[in-house]
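Text of the file input.tsv, holding TSV, C-alpha atoms and all ligand atoms:
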```tsv
chain	number	residue	atom	x	y	z
A	1	MET	CA	138.26	127.68	79.50
A	2	ASP	CA	139.45	130.87	81.18
A	3	THR	CA	139.74	129.92	84.84
A	4	SER	CA	141.21	133.31	85.76
A	5	ALA	CA	137.86	135.05	85.14
A	6	LYS	CA	137.43	137.77	87.73
A	7	GLN	CA	134.89	137.02	90.43
A	8	GLY	CA	132.70	139.88	91.54
A	9	THR	CA	132.41	141.44	94.98
A	10	LEU	CA	129.53	141.16	97.40
A	11	VAL	CA	128.87	144.19	99.62
A	12	VAL	CA	126.36	144.07	102.48
A	13	ILE	CA	125.09	147.47	103.59
A	14	SER	CA	123.05	147.66	106.79
A	15	GLY	CA	122.02	150.32	109.25
A	16	PRO	CA	119.10	151.33	111.41
A	17	SER	CA	115.82	152.37	109.85
A	18	GLY	CA	115.87	156.10	109.10
A	19	VAL	CA	119.63	156.35	108.58
A	20	GLY	CA	119.29	157.03	104.85
A	21	LYS	CA	120.55	153.69	103.51
A	22	SER	CA	118.35	153.50	100.43
A	23	THR	CA	119.40	156.86	98.97
A	24	LEU	CA	123.03	156.14	99.79
A	25	CYS	CA	122.93	152.68	98.18
A	26	ARG	CA	121.27	154.01	95.02
A	27	GLN	CA	124.04	156.60	94.59
A	28	VAL	CA	126.83	154.09	95.24
A	29	VAL	CA	125.27	151.70	92.72
A	30	ARG	CA	125.03	154.42	90.07
A	31	ARG	CA	128.59	155.65	90.54
A	32	LEU	CA	130.22	152.19	90.62
A	33	ASP	CA	127.95	150.69	87.97
A	34	ALA	CA	127.13	148.04	90.56
A	35	VAL	CA	124.13	145.73	90.80
A	36	LEU	CA	121.56	146.43	93.53
A	37	SER	CA	119.89	143.23	94.66
A	38	VAL	CA	116.08	143.41	94.63
A	39	SER	CA	114.72	141.68	97.74
A	40	ALA	CA	111.52	139.73	98.15
A	41	THR	CA	109.14	140.74	100.91
A	42	THR	CA	105.75	139.84	102.35
A	43	ARG	CA	105.06	143.39	103.49
A	44	PRO	CA	102.38	145.39	101.63
A	45	LYS	CA	103.53	147.46	98.66
A	46	GLY	CA	103.79	151.20	99.31
A	47	ALA	CA	101.94	153.58	96.95
A	48	SER	CA	105.14	154.79	95.25
A	49	GLU	CA	106.74	151.33	95.00
A	50	MET	CA	106.98	149.06	91.97
A	51	ASP	CA	106.87	145.27	92.06
A	52	GLY	CA	110.14	143.89	90.66
A	53	LYS	CA	111.96	147.19	91.07
A	54	ASP	CA	111.73	148.15	94.75
A	55	TYR	CA	110.88	144.65	95.94
A	56	TYR	CA	109.27	141.46	94.73
A	57	PHE	CA	106.06	141.57	96.73
A	58	LEU	CA	105.14	137.98	97.62
A	59	SER	CA	102.34	136.37	99.59
A	60	PRO	CA	103.47	134.69	102.82
A	61	ASP	CA	102.82	131.26	101.22
A	62	GLU	CA	104.90	132.04	98.15
A	63	PHE	CA	107.70	133.43	100.32
A	64	GLN	CA	107.76	130.22	102.41
A	65	ARG	CA	107.69	128.08	99.26
A	66	GLN	CA	110.73	129.88	97.84
A	67	ARG	CA	112.50	129.79	101.19
A	68	GLN	CA	111.99	126.04	101.49
A	69	ALA	CA	113.25	125.56	97.95
A	70	GLY	CA	116.51	127.26	99.03
A	71	GLN	CA	115.95	130.24	96.76
A	72	PHE	CA	117.08	132.85	99.30
A	73	LEU	CA	120.66	133.64	100.11
A	74	GLU	CA	119.42	134.94	103.46
A	75	TYR	CA	116.11	135.97	104.94
A	76	ALA	CA	114.83	137.61	108.12
A	77	GLU	CA	111.67	138.77	109.81
A	78	VAL	CA	111.52	142.55	110.28
A	79	PHE	CA	108.53	144.25	111.96
A	80	GLY	CA	106.38	141.14	111.43
A	81	HIS	CA	107.13	140.74	107.71
A	82	TYR	CA	109.59	138.50	105.89
A	83	TYR	CA	112.38	139.84	103.70
A	84	GLY	CA	114.82	137.75	101.67
A	85	THR	CA	117.55	138.08	99.04
A	86	PRO	CA	116.90	136.01	95.89
A	87	ARG	CA	119.97	133.83	95.51
A	88	GLN	CA	120.19	133.27	91.75
A	89	PRO	CA	120.60	136.89	90.52
A	90	VAL	CA	123.28	137.57	93.14
A	91	GLU	CA	125.27	134.44	92.27
A	92	GLN	CA	124.97	135.22	88.57
A	93	ALA	CA	126.17	138.83	88.99
A	94	ILE	CA	129.13	137.69	91.14
A	95	ALA	CA	130.06	135.11	88.49
A	96	ASP	CA	129.89	137.92	85.91
A	97	GLY	CA	132.48	139.88	87.89
A	98	ARG	CA	130.08	142.59	89.07
A	99	ILE	CA	129.94	144.48	92.37
A	100	VAL	CA	126.69	143.46	94.05
A	101	ILE	CA	125.11	145.50	96.84
A	102	LEU	CA	122.69	143.98	99.34
A	103	GLU	CA	120.78	146.52	101.41
A	104	ILE	CA	119.56	144.24	104.17
A	105	ASP	CA	119.10	144.18	107.93
A	106	VAL	CA	121.76	142.94	110.36
A	107	GLN	CA	120.17	139.51	110.91
A	108	GLY	CA	120.44	138.88	107.15
A	109	GLY	CA	123.90	140.44	107.05
A	110	LEU	CA	125.19	137.99	109.62
A	111	GLN	CA	123.78	135.05	107.61
A	112	VAL	CA	125.57	136.28	104.48
A	113	LYS	CA	128.82	136.61	106.45
A	114	GLN	CA	128.44	132.97	107.54
A	115	THR	CA	127.90	131.57	104.06
A	116	MET	CA	130.15	134.03	102.18
A	117	PRO	CA	132.91	135.16	104.55
A	118	GLU	CA	134.53	137.21	101.79
A	119	ALA	CA	131.49	139.56	101.65
A	120	MET	CA	132.28	143.14	102.65
A	121	MET	CA	130.23	144.28	105.63
A	122	VAL	CA	129.44	148.01	105.76
A	123	PHE	CA	127.33	149.55	108.51
A	124	ILE	CA	125.79	153.02	108.20
A	125	LEU	CA	125.58	155.04	111.41
A	126	PRO	CA	123.60	158.18	112.18
A	127	PRO	CA	125.66	161.26	113.10
A	128	ARG	CA	123.90	161.41	116.46
A	129	MET	CA	121.28	159.31	118.20
A	130	ASP	CA	118.97	162.32	118.60
A	131	GLU	CA	119.11	162.90	114.86
A	132	LEU	CA	118.10	159.28	114.23
A	133	LEU	CA	115.28	159.68	116.73
A	134	ARG	CA	114.06	162.69	114.82
A	135	ARG	CA	114.10	160.78	111.52
A	136	ILE	CA	112.35	157.77	113.06
A	137	GLU	CA	109.68	160.03	114.55
A	138	LYS	CA	109.16	161.61	111.17
A	139	ARG	CA	108.85	158.24	109.46
A	140	ALA	CA	106.57	156.82	112.16
A	141	ARG	CA	104.04	159.62	111.92
A	142	GLY	CA	100.61	158.12	112.49
A	143	GLU	CA	101.97	155.17	114.44
A	144	ASP	CA	101.22	154.88	118.14
A	145	ALA	CA	103.75	155.40	120.93
A	146	GLU	CA	104.33	151.67	121.29
A	147	ALA	CA	105.17	151.20	117.60
A	148	ARG	CA	107.55	154.18	117.70
A	149	GLN	CA	109.20	152.74	120.79
A	150	LYS	CA	109.63	149.42	118.98
A	151	ARG	CA	111.34	151.14	116.04
A	152	LEU	CA	113.69	152.93	118.35
A	153	ALA	CA	114.57	149.81	120.36
A	154	ARG	CA	115.21	147.95	117.13
A	155	ALA	CA	117.46	150.75	115.84
A	156	GLU	CA	119.51	150.60	119.04
A	157	ALA	CA	119.83	146.81	118.82
A	158	GLU	CA	120.88	147.05	115.14
A	159	ILE	CA	123.59	149.55	116.02
A	160	GLU	CA	124.94	147.25	118.76
A	161	THR	CA	125.09	144.32	116.31
A	162	GLY	CA	126.63	146.50	113.62
A	163	LYS	CA	129.35	147.71	115.94
A	164	ALA	CA	130.12	144.17	117.07
A	165	HIS	CA	130.08	142.33	113.73
A	166	TYR	CA	130.56	144.69	110.78
A	167	GLU	CA	134.01	145.56	109.39
A	168	TYR	CA	133.39	149.11	108.19
A	169	TRP	CA	131.31	151.88	109.71
A	170	VAL	CA	130.32	154.95	107.79
A	171	VAL	CA	128.61	157.93	109.43
A	172	ASN	CA	125.88	159.40	107.25
A	173	ASP	CA	126.19	163.03	108.23
A	174	ARG	CA	126.50	164.55	104.78
A	175	LEU	CA	125.14	162.22	102.11
A	176	ASP	CA	127.75	162.99	99.42
A	177	GLN	CA	130.59	162.35	101.88
A	178	ALA	CA	129.03	159.08	103.08
A	179	VAL	CA	128.60	157.92	99.46
A	180	GLN	CA	132.27	158.72	98.77
A	181	ASP	CA	133.37	156.87	101.94
A	182	VAL	CA	131.52	153.71	100.89
A	183	ILE	CA	132.98	153.94	97.37
A	184	ASP	CA	136.52	154.37	98.78
A	185	ILE	CA	136.08	151.33	101.05
A	186	ILE	CA	134.90	149.16	98.13
A	187	GLN	CA	137.63	150.38	95.79
A	188	GLN	CA	140.35	149.79	98.37
A	189	ARG	CA	139.17	146.23	98.78
A	190	LEU	CA	139.14	145.72	95.00
A	191	GLU	CA	142.73	147.01	94.75
A	192	VAL	CA	143.95	144.69	97.51
A	193	GLY	CA	142.15	141.81	95.79
A	194	SER	CA	143.76	142.50	92.42
A	195	GLN	CA	147.24	142.84	94.00
A	196	LYS	CA	146.75	139.40	95.60
A	197	THR	CA	145.81	137.83	92.24
A	198	GLU	CA	148.85	139.37	90.57
A	199	GLN	CA	151.30	137.92	93.13
A	201	LIG	P1	111.47	148.55	104.42
A	201	LIG	O1	110.22	147.77	104.66
A	201	LIG	O2	111.49	149.83	105.19
A	201	LIG	O3	111.75	148.73	102.95
A	201	LIG	O4	112.68	147.67	105.00
A	201	LIG	C1	112.70	147.32	106.35
A	201	LIG	C2	114.03	146.66	106.69
A	201	LIG	O5	114.20	145.43	105.97
A	201	LIG	C3	115.26	147.51	106.35
A	201	LIG	O6	116.16	147.46	107.46
A	201	LIG	C4	115.87	146.79	105.16
A	201	LIG	O7	117.28	146.96	105.10
A	201	LIG	C5	115.51	145.36	105.46
A	201	LIG	N1	115.55	144.50	104.29
A	201	LIG	C6	115.16	144.82	103.02
A	201	LIG	N2	115.35	143.77	102.19
A	201	LIG	C7	115.89	142.79	102.94
A	201	LIG	C8	116.34	141.46	102.65
A	201	LIG	O8	116.30	140.97	101.52
A	201	LIG	N3	116.83	140.74	103.69
A	201	LIG	C9	116.91	141.23	104.96
A	201	LIG	N4	117.46	140.44	105.90
A	201	LIG	N5	116.53	142.48	105.27
A	201	LIG	C10	116.01	143.24	104.27
```

Any chance you could give the structure as structure tokens?
Amino acid sequence: MDTSAKQGTLVVISGPSGVGKSTLCRQVVRRLDAVLSVSATTRPKGASEMDGKDYYFLSPDEFQRQRQAGQFLEYAEVFGHYYGTPRQPVEQAIADGRIVILEIDVQGGLQVKQTMPEAMMVFILPPRMDELLRRIEKRARGEDAEARQKRLARAEAEIETGKAHYEYWVVNDRLDQAVQDVIDIIQQRLEVGSQKTEQ
């Protein structure tokens, strides 16, 4: 048996809502031929979303059943809904030597760091707080003042956690530059890893 088979790399990408994580992650995945983990969630499906592609949309009971069966690598409650990373596809892709990207919130990110300390932790920051505010306002159109306030408070708390616990911070000012920064960070880590195995 070949015991030197290359293990893959797990990359956690987090950042406040409205920072542009999803677009950034999709581009990184395409350019690195990486695997983007599809999360499970109990939140309602959006009109443009596809079950099994954007998320696995589960009932609260089904989510709890899978959680109790240990099927999530991590899970968290965000804005009153549960989100979790299905464990099996991630473990399989890592065993296959792939780069796996998890786009998850900071609570989930910290759980992954606990169970897989070798995971890379990348946090996406807005160029300026007022810019993030503007994007959150845009996204929260139709929500009341209290809900908007909640989103903002949560974004601030996420940024505090990100600054305290994540290893790499990337400012998403220009998307193409931010994508390149994340790719450079991952590739640097892969190079260091392969130098270590060669020694
Ligand atoms: P949305 O409902 O806007 O797609 O996602 C809301 C938040 O949940 C985002 O911050 C997103 O990163 C986070 N999220 C999505 N999937 C997961 C997951 O599997 N685990 C955790 N912990 N957070 C997730």

Among listed residues A:Leu132, A:Leu73, A:Ala178, A:Ile185, nearest ligand LIG 201 (chain A) (using all atoms listed in the file):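 Among A:Leu132, A:Leu73, A:Ala178, A:Ile185, it is A:Leu73 that comes nearest to ligand LIG 201 (chain A).
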
Residue neighbourhood Pro44 (chain A), 10 Å, only C-alpha atoms, exclusion window fewer than 5 positions, as a PyMOL selection string: chain A and resi 49+57-59+81

Selected residue, from A:Lys6, A:Lys45, A:Lys21, A:Arg128, that lies nearest to Val182 (chain A) when counting all atoms listed in the file: A:Lys21

Gly15 (chain A) environment, 8 Å, all atoms listed in the file, sequence neighbours closer than 5 positions dropped, as a list in words: Lys21, Asp105, Val106, Phe123, Ile124, Leu125, Glu158, Ile159 and Gly162 of chain A

Store the residues of this selection in a file with C-alpha atoms, as a PDB file, keeping the file's coordinate frame.
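Result file result_28.pdb:
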```pdb
ATOM      1  CA  LYS A  21     120.550 153.690 103.510  1.00  0.00           C
ATOM      2  CA  ASP A 105     119.100 144.180 107.930  1.00  0.00           C
ATOM      3  CA  VAL A 106     121.760 142.940 110.360  1.00  0.00           C
ATOM      4  CA  PHE A 123     127.330 149.550 108.510  1.00  0.00           C
ATOM      5  CA  ILE A 124     125.790 153.020 108.200  1.00  0.00           C
ATOM      6  CA  LEU A 125     125.580 155.040 111.410  1.00  0.00           C
ATOM      7  CA  GLU A 158     120.880 147.050 115.140  1.00  0.00           C
ATOM      8  CA  ILE A 159     123.590 149.550 116.020  1.00  0.00           C
ATOM      9  CA  GLY A 162     126.630 146.500 113.620  1.00  0.00           C
TER      10      GLY A 162
END
```

Between CA of Ile101 (chain A) and CA of Met116 (chain A), distance in Å (one decimal):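 If I compute the distance from CA of Ile101 (chain A) to CA of Met116 (chain A), I get 13.6 Å.
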
Quick one: axis-aligned box around all listed atoms of ligand LIG 201 (chain A), 5 Å on every side, centre and edge lengths in Å to one decimal, written as JSON.
```
{"center_x": 113.8, "center_y": 145.1, "center_z": 104.5, "size_x": 17.2, "size_y": 19.4, "size_z": 15.9}
```

Shell of 7 Å around ligand LIG 201 (chain A) (only C-alpha atoms and all ligand atoms), written as a list in words: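 Every residue with an atom at most 7 Å from ligand LIG 201 (chain A) is listed here: Ser14, Gly15, Pro16, Ser17, Ser39, Ala40, Arg43, Glu74, Tyr75, Ala76, Val78, Tyr83, Gly84, Thr85, Glu103, Ile104, Asp105, Val106, Gln107, Gly108 and Gly109 of chain A.
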
One-decimal distance in Å that lies between CA of Ala95 (chain A) and CA of Tyr166 (chain A): 24.3 Å

Which residue of A:Gln114, A:Met121, A:Val11, A:Phe79 approaches Val28 (chain A) most closely, using all atoms listed in the file: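 Closest to Val28 (chain A), using all atoms listed in the file: A:Val11.
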
Nearest to Ile136 (chain A) by atom-to-atom distance, counting only C-alpha atoms, from A:Val19, A:Val179, A:Leu102, A:Ala47: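 Among A:Val19, A:Val179, A:Leu102, A:Ala47, it is A:Val19 that comes nearest to Ile136 (chain A).
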
Expected residue set, 12 Å radius at (126.7, 163.7, 102.1), all atoms listed in the file, as a list in words: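 Final list of nearby residues, as requested, is Gly20, Lys21, Thr23, Leu24, Gln27, Val28, Pro126, Pro127, Val170, Val171, Asn172, Asp173, Arg174, Leu175, Asp176, Gln177, Ala178, Val179, Gln180, Asp181 and Val182 of chain A.
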
Atomic distance CA of Val29 (chain A) - CA of Arg67 (chain A), expressed in Å with one decimal: 26.7 Å

Counting all atoms listed in the file, the residue of A:Thr41, A:Arg26, A:Arg148, A:His165 that sits nearest Leu110 (chain A):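 Among A:Thr41, A:Arg26, A:Arg148, A:His165, it is A:His165 that comes nearest to Leu110 (chain A).
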
Best match for closeness to Tyr168 (chain A) among A:Glu143, A:Asp184, A:Glu62, A:Asp51, counting all atoms listed in the file: A:Asp184
